[in-house]
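Here is final-v6.csv, consisting of CSV, C-alpha atoms:
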chain,number,residue,atom,x,y,z
A,1,MET,CA,18.8,18.1,-5.5
A,2,THR,CA,17.8,17.6,-1.8
A,3,GLU,CA,14.6,19.4,-2.5
A,4,ASN,CA,13.8,17.1,-5.4
A,5,LYS,CA,14.4,14.0,-3.2
A,6,ASP,CA,12.1,15.4,-0.5
A,7,VAL,CA,9.4,16.1,-3.1
A,8,ASN,CA,9.7,12.6,-4.5
A,9,LYS,CA,9.6,11.1,-1.0
A,10,GLU,CA,6.4,13.1,-0.2
A,11,GLN,CA,4.8,11.9,-3.5
A,12,GLU,CA,5.7,8.3,-2.7
A,13,GLU,CA,4.2,8.6,0.8
A,14,ALA,CA,1.1,10.2,-0.6
A,15,GLU,CA,0.7,7.4,-3.2
A,16,THR,CA,1.3,4.7,-0.5
A,17,TRP,CA,-1.3,6.3,1.8
A,18,GLU,CA,-3.8,6.6,-1.0
A,19,THR,CA,-3.3,3.0,-2.1
A,20,LYS,CA,-3.6,1.8,1.5
A,21,SER,CA,-6.8,3.9,2.0
A,22,VAL,CA,-8.4,2.4,-1.0
A,23,THR,CA,-7.4,-1.1,0.1
A,24,VAL,CA,-8.9,-0.6,3.6
A,25,ALA,CA,-12.0,1.0,2.2
A,26,ARG,CA,-12.6,-2.0,-0.1
A,27,ALA,CA,-12.1,-4.4,2.9
A,28,VAL,CA,-14.5,-2.5,5.1
A,29,LEU,CA,-17.2,-2.4,2.4
A,30,ALA,CA,-16.6,-6.2,1.9
A,31,GLU,CA,-17.2,-6.8,5.6
A,32,LEU,CA,-20.4,-4.8,5.4
A,33,LEU,CA,-21.6,-6.8,2.4
A,34,CYS,CA,-20.5,-10.3,3.6
A,35,THR,CA,-22.0,-9.7,7.1
A,36,THR,CA,-25.3,-8.6,5.6
A,37,ILE,CA,-25.5,-11.6,3.3
A,38,PHE,CA,-24.5,-14.1,6.0
A,39,MET,CA,-27.0,-12.7,8.6
A,40,PHE,CA,-29.8,-12.5,6.1
A,41,VAL,CA,-29.4,-16.0,4.6
A,42,VAL,CA,-29.0,-17.7,8.0
A,43,THR,CA,-32.1,-16.0,9.5
A,44,ALA,CA,-34.2,-16.2,6.4
A,45,THR,CA,-33.6,-19.9,6.1
A,46,GLY,CA,-35.0,-20.3,9.6
A,47,VAL,CA,-38.0,-18.2,8.9
A,48,GLU,CA,-38.7,-20.0,5.6
A,49,TYR,CA,-38.6,-23.4,7.4
A,50,ALA,CA,-41.0,-22.1,10.1
A,51,ARG,CA,-43.4,-20.9,7.4
A,52,THR,CA,-43.5,-24.3,5.8
A,53,VAL,CA,-44.2,-25.9,9.1
A,54,ASP,CA,-46.9,-23.6,10.4
A,55,LEU,CA,-47.6,-20.4,8.5
A,56,ALA,CA,-49.9,-19.1,11.2
A,57,HIS,CA,-47.2,-19.3,13.9
A,58,ALA,CA,-44.1,-18.8,11.9
A,59,GLU,CA,-42.6,-16.3,14.3
A,60,ASN,CA,-42.6,-18.9,17.1
A,61,ILE,CA,-41.0,-21.9,15.4
A,62,HIS,CA,-37.2,-22.4,15.5
A,63,ASP,CA,-35.1,-25.4,14.6
A,64,SER,CA,-31.4,-25.8,15.7
A,65,THR,CA,-30.6,-28.2,12.9
A,66,ILE,CA,-31.7,-25.8,10.2
A,67,ALA,CA,-29.8,-23.0,11.9
A,68,GLY,CA,-26.6,-25.1,12.0
A,69,ILE,CA,-26.8,-26.3,8.4
A,70,SER,CA,-27.6,-22.9,7.0
A,71,SER,CA,-24.8,-21.3,8.9
A,72,MET,CA,-22.3,-23.9,7.7
A,73,LEU,CA,-23.3,-23.7,4.1
A,74,ILE,CA,-23.5,-19.9,3.7
A,75,ALA,CA,-20.2,-19.5,5.7
A,76,VAL,CA,-18.3,-21.7,3.1
A,77,GLY,CA,-19.5,-19.5,0.3
A,78,ILE,CA,-18.9,-16.2,2.1
A,79,ILE,CA,-15.4,-17.1,3.2
A,80,TYR,CA,-14.3,-18.3,-0.3
A,81,SER,CA,-15.8,-15.2,-1.9
A,82,PHE,CA,-14.5,-12.5,0.5
A,83,ALA,CA,-11.4,-14.0,2.1
A,84,ASP,CA,-9.0,-12.4,-0.3
A,85,VAL,CA,-10.6,-9.0,0.0
A,86,SER,CA,-11.1,-8.5,3.7
A,87,GLY,CA,-10.5,-11.8,5.4
A,88,ALA,CA,-14.3,-12.4,5.6
A,89,HIS,CA,-14.5,-12.0,9.4
A,90,PHE,CA,-18.2,-11.0,9.4
A,91,ASN,CA,-17.8,-11.3,13.2
A,92,PRO,CA,-16.7,-8.6,15.7
A,93,ALA,CA,-15.2,-11.3,18.0
A,94,VAL,CA,-12.9,-12.5,15.2
A,95,THR,CA,-11.9,-8.9,14.4
A,96,PHE,CA,-11.3,-8.2,18.1
A,97,ALA,CA,-9.0,-11.3,18.4
A,98,THR,CA,-6.9,-10.1,15.4
A,99,VAL,CA,-6.5,-6.7,17.1
A,100,VAL,CA,-5.5,-7.9,20.5
A,101,SER,CA,-3.0,-10.4,18.9
A,102,PHE,CA,-1.4,-7.5,16.9
A,103,LYS,CA,-2.5,-9.1,13.6
A,104,ASN,CA,-4.7,-6.0,12.8
A,105,SER,CA,-4.5,-2.3,13.6
A,106,ILE,CA,-6.9,-0.8,16.1
A,107,VAL,CA,-8.4,1.7,13.5
A,108,LYS,CA,-9.0,-1.0,10.9
A,109,GLY,CA,-10.5,-3.2,13.6
A,110,ILE,CA,-12.9,-0.5,14.7
A,111,LEU,CA,-14.0,0.1,11.0
A,112,TYR,CA,-14.5,-3.6,10.5
A,113,ILE,CA,-16.7,-3.9,13.6
A,114,ILE,CA,-18.8,-0.8,12.7
A,115,ALA,CA,-19.3,-2.3,9.2
A,116,GLN,CA,-20.3,-5.7,10.7
A,117,LEU,CA,-22.8,-4.1,13.0
A,118,ILE,CA,-24.4,-2.0,10.2
A,119,GLY,CA,-24.5,-5.2,8.1
A,120,SER,CA,-26.4,-7.0,10.8
A,121,VAL,CA,-28.9,-4.2,11.1
A,122,LEU,CA,-29.4,-4.2,7.3
A,123,ALA,CA,-30.0,-7.9,7.4
A,124,ALA,CA,-32.6,-7.6,10.1
A,125,LEU,CA,-34.3,-4.8,8.2
A,126,LEU,CA,-34.3,-6.9,5.0
A,127,LEU,CA,-35.8,-9.8,6.9
A,128,ALA,CA,-38.6,-7.6,8.3
A,129,THR,CA,-39.3,-6.2,4.8
A,130,MET,CA,-39.3,-9.5,2.9
A,131,TYR,CA,-41.8,-11.4,5.1
A,132,PRO,CA,-45.4,-10.5,5.8
A,133,GLU,CA,-44.9,-11.2,9.5
A,134,GLY,CA,-42.6,-8.1,9.6
A,135,LEU,CA,-41.0,-7.4,12.9
A,136,LYS,CA,-42.4,-10.6,14.4
A,137,VAL,CA,-39.9,-12.7,12.5
A,138,VAL,CA,-37.0,-10.5,13.5
A,139,LYS,CA,-38.0,-11.0,17.2
A,140,SER,CA,-38.2,-14.7,16.6
A,141,VAL,CA,-34.7,-15.0,15.2
A,142,ALA,CA,-33.1,-12.7,17.8
A,143,VAL,CA,-30.5,-14.5,19.8
A,144,LYS,CA,-31.7,-15.3,23.4
A,145,LYS,CA,-31.1,-18.0,25.9
A,146,ASP,CA,-33.6,-20.6,27.0
A,147,PRO,CA,-35.5,-19.4,30.1
A,148,ASP,CA,-34.5,-22.6,32.0
A,149,VAL,CA,-30.7,-21.9,31.4
A,150,THR,CA,-28.9,-19.8,34.0
A,151,THR,CA,-27.0,-16.7,33.0
A,152,GLY,CA,-23.8,-18.4,34.1
A,153,GLN,CA,-24.4,-21.5,32.0
A,154,ALA,CA,-25.2,-19.4,28.9
A,155,PHE,CA,-22.2,-17.2,29.4
A,156,PHE,CA,-19.7,-20.1,29.7
A,157,LEU,CA,-21.2,-22.0,26.9
A,158,GLU,CA,-21.0,-19.0,24.6
A,159,MET,CA,-17.5,-18.2,25.7
A,160,LEU,CA,-16.3,-21.9,25.2
A,161,LEU,CA,-17.8,-22.3,21.8
A,162,THR,CA,-16.5,-18.9,20.6
A,163,PHE,CA,-13.1,-20.0,21.9
A,164,ILE,CA,-13.4,-23.2,19.8
A,165,PHE,CA,-14.6,-21.3,16.7
A,166,VAL,CA,-11.9,-18.6,16.8
A,167,TYR,CA,-9.2,-21.1,17.6
A,168,VAL,CA,-10.0,-23.0,14.4
A,169,ILE,CA,-9.9,-19.8,12.4
A,170,PHE,CA,-6.5,-18.9,13.8
A,171,ALA,CA,-5.1,-22.4,13.4
A,172,THR,CA,-6.3,-23.0,9.8
A,173,ALA,CA,-6.3,-19.5,8.3
A,174,PHE,CA,-4.5,-16.7,10.1
A,175,ASP,CA,-1.5,-18.8,11.2
A,176,SER,CA,-0.1,-18.9,7.7
A,177,ALA,CA,-1.1,-15.4,6.7
A,178,GLU,CA,1.2,-13.2,8.8
A,179,ASN,CA,2.8,-11.6,5.7
A,180,VAL,CA,0.7,-11.1,2.6
A,181,THR,CA,2.3,-9.8,-0.7
A,182,VAL,CA,0.0,-7.2,-2.2
A,183,THR,CA,0.6,-5.8,-5.7
A,184,THR,CA,0.1,-2.0,-5.6
A,185,GLY,CA,0.8,1.1,-7.6
A,186,SER,CA,0.6,1.7,-11.3
A,187,LYS,CA,3.8,-0.1,-12.0
A,188,GLY,CA,2.8,-3.1,-10.0
A,189,GLN,CA,5.4,-3.0,-7.3
A,190,ALA,CA,5.0,-5.6,-4.7
A,191,SER,CA,5.0,-4.8,-1.0
A,192,VAL,CA,4.6,-6.8,2.1
A,193,SER,CA,2.0,-5.6,4.7
A,194,ARG,CA,1.8,-7.3,8.0
A,195,LYS,CA,-1.3,-5.4,8.9
A,196,LEU,CA,-3.5,-6.6,6.1
A,197,VAL,CA,-4.7,-9.8,7.7
A,198,ARG,CA,-6.2,-12.2,5.2
A,199,TYR,CA,-6.9,-15.9,5.2
A,200,SER,CA,-4.4,-18.1,3.6
A,201,THR,CA,-7.0,-18.8,1.0
A,202,THR,CA,-6.1,-15.8,-1.1
A,203,ALA,CA,-7.0,-15.3,-4.7
A,204,ALA,CA,-4.1,-17.5,-5.8
A,205,THR,CA,-4.9,-20.4,-3.4
A,206,LYS,CA,-8.6,-20.6,-3.1
A,207,SER,CA,-8.5,-24.4,-3.1
A,208,GLY,CA,-7.5,-24.3,0.5
A,209,PHE,CA,-9.6,-26.1,3.0
A,210,ALA,CA,-9.7,-23.4,5.7
A,211,PRO,CA,-13.2,-22.1,4.8
A,212,ILE,CA,-14.6,-25.6,5.0
A,213,ALA,CA,-13.0,-26.3,8.4
A,214,ILE,CA,-14.2,-23.0,9.7
A,215,ALA,CA,-17.7,-23.4,8.4
A,216,CYS,CA,-18.1,-26.9,9.7
A,217,THR,CA,-16.9,-25.8,13.1
A,218,LEU,CA,-19.4,-22.9,13.1
A,219,GLY,CA,-22.2,-25.3,12.2
A,220,ALA,CA,-21.2,-27.8,14.9
A,221,CYS,CA,-21.1,-25.0,17.5
A,222,VAL,CA,-24.6,-23.9,16.5
A,223,PHE,CA,-25.8,-27.5,16.8
A,224,ALA,CA,-24.4,-27.6,20.3
A,225,SER,CA,-25.9,-24.4,21.7
A,226,ASP,CA,-28.6,-22.9,19.6
A,227,ALA,CA,-31.5,-24.1,21.8
A,228,ILE,CA,-29.6,-23.5,25.0
A,229,SER,CA,-27.7,-20.1,24.9
A,230,GLY,CA,-28.9,-18.9,21.5
A,231,GLY,CA,-25.9,-20.0,19.5
A,232,GLY,CA,-24.4,-16.6,18.8
A,233,PHE,CA,-20.6,-16.7,18.8
A,234,ASN,CA,-21.0,-13.4,16.9
A,235,PRO,CA,-21.8,-10.0,18.6
A,236,ALA,CA,-23.1,-8.7,15.2
A,237,ARG,CA,-25.6,-11.6,15.0
A,238,VAL,CA,-26.9,-10.5,18.4
A,239,PHE,CA,-26.8,-6.8,17.9
A,240,GLY,CA,-28.7,-6.2,14.6
A,241,PHE,CA,-31.7,-8.3,15.4
A,242,ALA,CA,-31.8,-7.0,19.0
A,243,LEU,CA,-31.9,-3.4,17.7
A,244,VAL,CA,-34.5,-3.9,15.0
A,245,GLY,CA,-36.6,-6.3,17.0
A,246,ASP,CA,-36.1,-4.5,20.3
A,247,VAL,CA,-35.0,-7.7,22.1
A,248,TRP,CA,-32.3,-6.7,24.6
A,249,ASN,CA,-32.5,-9.4,27.2
A,250,GLN,CA,-29.0,-9.9,28.7
A,251,HIS,CA,-27.3,-8.4,25.7
A,252,TRP,CA,-24.1,-7.8,27.6
A,253,LEU,CA,-23.7,-11.6,28.1
A,254,TYR,CA,-22.9,-12.2,24.5
A,255,TRP,CA,-20.5,-9.4,23.9
A,256,THR,CA,-18.5,-10.2,27.0
A,257,ALA,CA,-18.5,-14.0,26.4
A,258,HIS,CA,-17.7,-13.7,22.7
A,259,PHE,CA,-14.8,-11.2,23.1
A,260,LEU,CA,-13.3,-13.1,26.0
A,261,GLY,CA,-13.5,-16.4,24.2
A,262,ALA,CA,-12.0,-15.0,21.0
A,263,ALA,CA,-9.1,-13.2,22.8
A,264,MET,CA,-8.2,-16.4,24.7
A,265,ALA,CA,-8.3,-18.4,21.5
A,266,SER,CA,-5.9,-16.1,19.8
A,267,TYR,CA,-3.3,-16.5,22.5
A,268,VAL,CA,-3.8,-20.2,23.3
A,269,GLN,CA,-3.4,-21.1,19.6
A,270,LYS,CA,0.0,-19.3,19.6
A,271,LEU,CA,1.2,-21.8,22.2
A,272,PHE,CA,0.4,-24.7,19.9
A,273,SER,CA,1.3,-23.1,16.5
A,274,LYS,CA,5.0,-22.5,17.3
A,275,PRO,CA,5.9,-24.7,20.3
A,276,HIS,CA,9.5,-24.9,19.2
A,277,GLN,CA,9.9,-21.1,19.7
A,278,VAL,CA,8.6,-21.0,23.3
A,279,PRO,CA,11.4,-19.3,25.4
A,280,GLN,CA,12.8,-20.9,28.6
A,281,VAL,CA,10.2,-20.8,31.4
A,282,HIS,CA,12.8,-19.4,33.8
A,283,ASP,CA,13.0,-16.2,31.7
A,284,LEU,CA,9.6,-14.8,32.6
A,285,GLY,CA,10.1,-11.5,30.8
A,286,THR,CA,11.0,-13.1,27.5
A,287,LEU,CA,8.2,-15.7,28.0
A,288,LEU,CA,5.6,-12.9,28.5
A,289,LYS,CA,6.9,-11.0,25.6
A,290,TRP,CA,6.6,-14.1,23.4
A,291,PHE,CA,3.1,-14.9,24.6
A,292,PHE,CA,1.8,-11.5,24.0
A,293,TYR,CA,3.2,-11.4,20.4
A,294,LEU,CA,5.6,-8.7,21.2
A,295,ASP,CA,8.5,-10.7,19.9
A,296,GLU,CA,7.0,-10.4,16.5
A,297,VAL,CA,6.9,-6.6,16.6
A,298,PRO,CA,9.9,-4.9,15.0
A,299,ALA,CA,12.4,-3.0,17.3
A,300,LEU,CA,10.4,0.2,17.4
A,301,THR,CA,10.2,3.0,19.9
A,302,VAL,CA,7.1,3.1,22.1
A,303,GLN,CA,5.7,5.9,20.0
A,304,GLU,CA,6.4,4.0,16.7
A,305,PHE,CA,4.9,0.8,18.0
A,306,LEU,CA,1.7,2.5,19.2
A,307,LYS,CA,1.4,4.3,15.8
A,308,THR,CA,1.8,1.0,14.0
A,309,TRP,CA,-0.7,-0.8,16.1
A,310,VAL,CA,-3.3,2.0,16.0
A,311,TRP,CA,-3.0,3.0,12.4
A,312,GLY,CA,-1.4,-0.1,10.8

Could you show the structure in this file as structure tokens?
Amino acid sequence: MTENKDVNKEQEEAETWETKSVTVARAVLAELLCTTIFMFVVTATGVEYARTVDLAHAENIHDSTIAGISSMLIAVGIIYSFADVSGAHFNPAVTFATVVSFKNSIVKGILYIIAQLIGSVLAALLLATMYPEGLKVVKSVAVKKDPDVTTGQAFFLEMLLTFIFVYVIFATAFDSAENVTVTTGSKGQASVSRKLVRYSTTAATKSGFAPIAIACTLGACVFASDAISGGGFNPARVFGFALVGDVWNQHWLYWTAHFLGAAMASYVQKLFSKPHQVPQVHDLGTLLKWFFYLDEVPALTVQEFLKTWVWG
């Protein structure tokens, strides 16, 4: 009897692992696809505008208004289309913020970021293939700061606007998506997974306004910085076109600024999302535990906690 129970338990664990693997694989592929679509449409729109203005010098013409509007419009469609599959991050900074705030596992976060970077490279290659100017257009849309802007100015502007962008994402989408009910298995059993971070606009509630708020914020941030610091807010947007176009000027600036801004946004938003739950200030240990999301982690051993955070 005991042997039968052990066998059944092993079978259940195997089915759970298989189901989880399929879910994660779908999410990673979705991130690859949505990142490719987003990057290609945003940059192709800019190139198309440049060609209508001056075909002979299309690779040297850039318009911040076009960049902001195209980013906003395609972001709405992308988020509504992929939110219930992967969360529609299409941005390593957003994924990084979900990992450091314990809303996502480290392994899944790494897979997301790899998919996003590959998607960005594919978008750059598509852009070079689709237009007769080839690599010239890829170089023209690569993220780079204005020569008159100092490194410090570009860094803090990118960090500030990434903070604003990610804050809006956490406030409008992730804040209400801590626990997502996912139907799994052949019998349709329902299970709750805290590690499958999705927007609150799931398949059942796609009328939510989170994608619109996020897309409008993204467009506004591009308006505010595109001609100054490059308007990145997204390491994938920087990486793919830098790699294909061989434009590596101060590449570190964007990765550092974007990750710092995103991480700060994930923690600051927590202070405003649940102010009634803030512990007494005199209890520093409890306050720090609350601030770093550790109060939301079940009572696990260190080994169990690390396993959960790493693998999900």

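One distance worth recording is that between CA of Leu117 in chain A and CA of Thr129 in chain A, which is 18.5 Å.
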
inquiry  = Just the number, please: distance in Å from CA of Val94 in chain A to CA of Ser273 in chain A, one decimal.
reply    = 17.8 Å

With 10 Å as the cut-off and all atoms listed in the file counted, what is the closest atom pair between each nearby residue of range 29-102 of chain A and range 212-231 of chain A? Distances in Å to one decimal, ordered by chain and number, as a tab-separated table.
residue	atom	partner	partner_atom	distance
A:His62	CA	A:Ala227	CA	8.7
A:Asp63	CA	A:Ala227	CA	8.2
A:Ser64	CA	A:Asp226	CA	5.6
A:Thr65	CA	A:Phe223	CA	6.2
A:Ile66	CA	A:Phe223	CA	9.0
A:Ala67	CA	A:Val222	CA	7.0
A:Gly68	CA	A:Gly219	CA	4.4
A:Ile69	CA	A:Gly219	CA	6.0
A:Ser70	CA	A:Gly219	CA	7.9
A:Ser71	CA	A:Gly219	CA	5.8
A:Met72	CA	A:Ala215	CA	4.7
A:Leu73	CA	A:Ala215	CA	7.1
A:Ile74	CA	A:Ala215	CA	8.2
A:Ala75	CA	A:Ala215	CA	5.4
A:Val76	CA	A:Ala215	CA	5.6
A:Gly77	CA	A:Ile212	CA	9.1
A:Ile78	CA	A:Ala215	CA	9.6
A:Ile79	CA	A:Ala215	CA	8.5
A:Tyr80	CA	A:Ile212	CA	9.0

query = Between CA of Phe239 in chain A and CA of Ser105 in chain A, what is the distance, to one decimal in Å?
reply =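 For CA of Phe239 in chain A relative to CA of Ser105 in chain A, the distance reads 23.2 Å.
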
inquiry  = What's around Ala123 in chain A at 10 Å? Count only C-alpha atoms, leave out sequence neighbours fewer than 3 positions away in its own chain, and write the answer as a list in words.
reply    =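 Near Ala123 in chain A, the qualifying residues are Leu33, Thr35, Thr36, Ile37, Phe38, Met39, Phe40, Val41, Val42, Thr43, Ala44, Leu117, Ile118, Gly119, Ser120, Leu126, Leu127, Ala128, Thr129, Val138, Arg237, Gly240, Phe241 and Val244 of chain A.
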
task = Rank nothing, just name the residue among A:Asp146, A:Asp84, A:Glu158, A:Glu133 nearest to Ala50 in chain A, using all atoms listed in the file.
result =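 Once distances to Ala50 in chain A are computed over all atoms listed in the file, the minimum belongs to A:Glu133.
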
Please complete range 87-102 of chain A so it has N, CA, C and O atoms, and hand it over as a compact mmCIF listing (two decimals), keeping the file's coordinate frame.
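Result written to rebuild-v5.txt:
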# COMPACT_ATOMS: atom_id res chain seq x y z
N GLY A 87 -10.69 -10.75 4.43
CA GLY A 87 -10.50 -11.80 5.40
C GLY A 87 -11.80 -12.47 5.78
O GLY A 87 -11.80 -13.51 6.42
N ALA A 88 -12.92 -11.86 5.37
CA ALA A 88 -14.30 -12.40 5.60
C ALA A 88 -14.46 -12.75 7.10
O ALA A 88 -14.80 -13.86 7.47
N HIS A 89 -14.26 -11.75 7.94
CA HIS A 89 -14.50 -12.00 9.40
C HIS A 89 -15.99 -12.11 9.66
O HIS A 89 -16.39 -13.02 10.36
N PHE A 90 -16.79 -11.18 9.17
CA PHE A 90 -18.20 -11.00 9.40
C PHE A 90 -18.58 -11.32 10.90
O PHE A 90 -19.65 -11.81 11.22
N ASN A 91 -17.67 -10.96 11.79
CA ASN A 91 -17.80 -11.30 13.20
C ASN A 91 -16.92 -10.36 14.03
O ASN A 91 -15.69 -10.47 13.94
N PRO A 92 -17.48 -9.46 14.84
CA PRO A 92 -16.70 -8.60 15.70
C PRO A 92 -15.72 -9.32 16.61
O PRO A 92 -14.64 -8.81 16.94
N ALA A 93 -16.10 -10.51 17.05
CA ALA A 93 -15.20 -11.30 18.00
C ALA A 93 -13.96 -11.71 17.25
O ALA A 93 -12.87 -11.66 17.82
N VAL A 94 -14.08 -12.12 16.00
CA VAL A 94 -12.90 -12.50 15.20
C VAL A 94 -12.01 -11.28 14.98
O VAL A 94 -10.79 -11.35 15.14
N THR A 95 -12.62 -10.17 14.62
CA THR A 95 -11.90 -8.90 14.40
C THR A 95 -11.16 -8.51 15.70
O THR A 95 -9.98 -8.11 15.67
N PHE A 96 -11.85 -8.58 16.80
CA PHE A 96 -11.30 -8.20 18.10
C PHE A 96 -10.06 -9.09 18.40
O PHE A 96 -9.02 -8.59 18.88
N ALA A 97 -10.15 -10.38 18.11
CA ALA A 97 -9.00 -11.30 18.40
C ALA A 97 -7.82 -10.92 17.51
O ALA A 97 -6.68 -11.02 17.97
N THR A 98 -8.04 -10.49 16.27
CA THR A 98 -6.90 -10.10 15.40
C THR A 98 -6.25 -8.82 15.92
O THR A 98 -5.06 -8.62 15.73
N VAL A 99 -7.03 -7.95 16.54
CA VAL A 99 -6.50 -6.70 17.10
C VAL A 99 -5.64 -6.95 18.31
O VAL A 99 -4.51 -6.47 18.43
N VAL A 100 -6.19 -7.72 19.27
CA VAL A 100 -5.50 -7.90 20.50
C VAL A 100 -4.24 -8.83 20.32
O VAL A 100 -3.33 -8.84 21.16
N SER A 101 -4.19 -9.57 19.22
CA SER A 101 -3.00 -10.40 18.90
C SER A 101 -2.07 -9.69 17.94
O SER A 101 -1.18 -10.32 17.39
N PHE A 102 -2.31 -8.39 17.72
CA PHE A 102 -1.40 -7.50 16.90
C PHE A 102 -1.40 -8.01 15.42
O PHE A 102 -0.45 -7.74 14.70
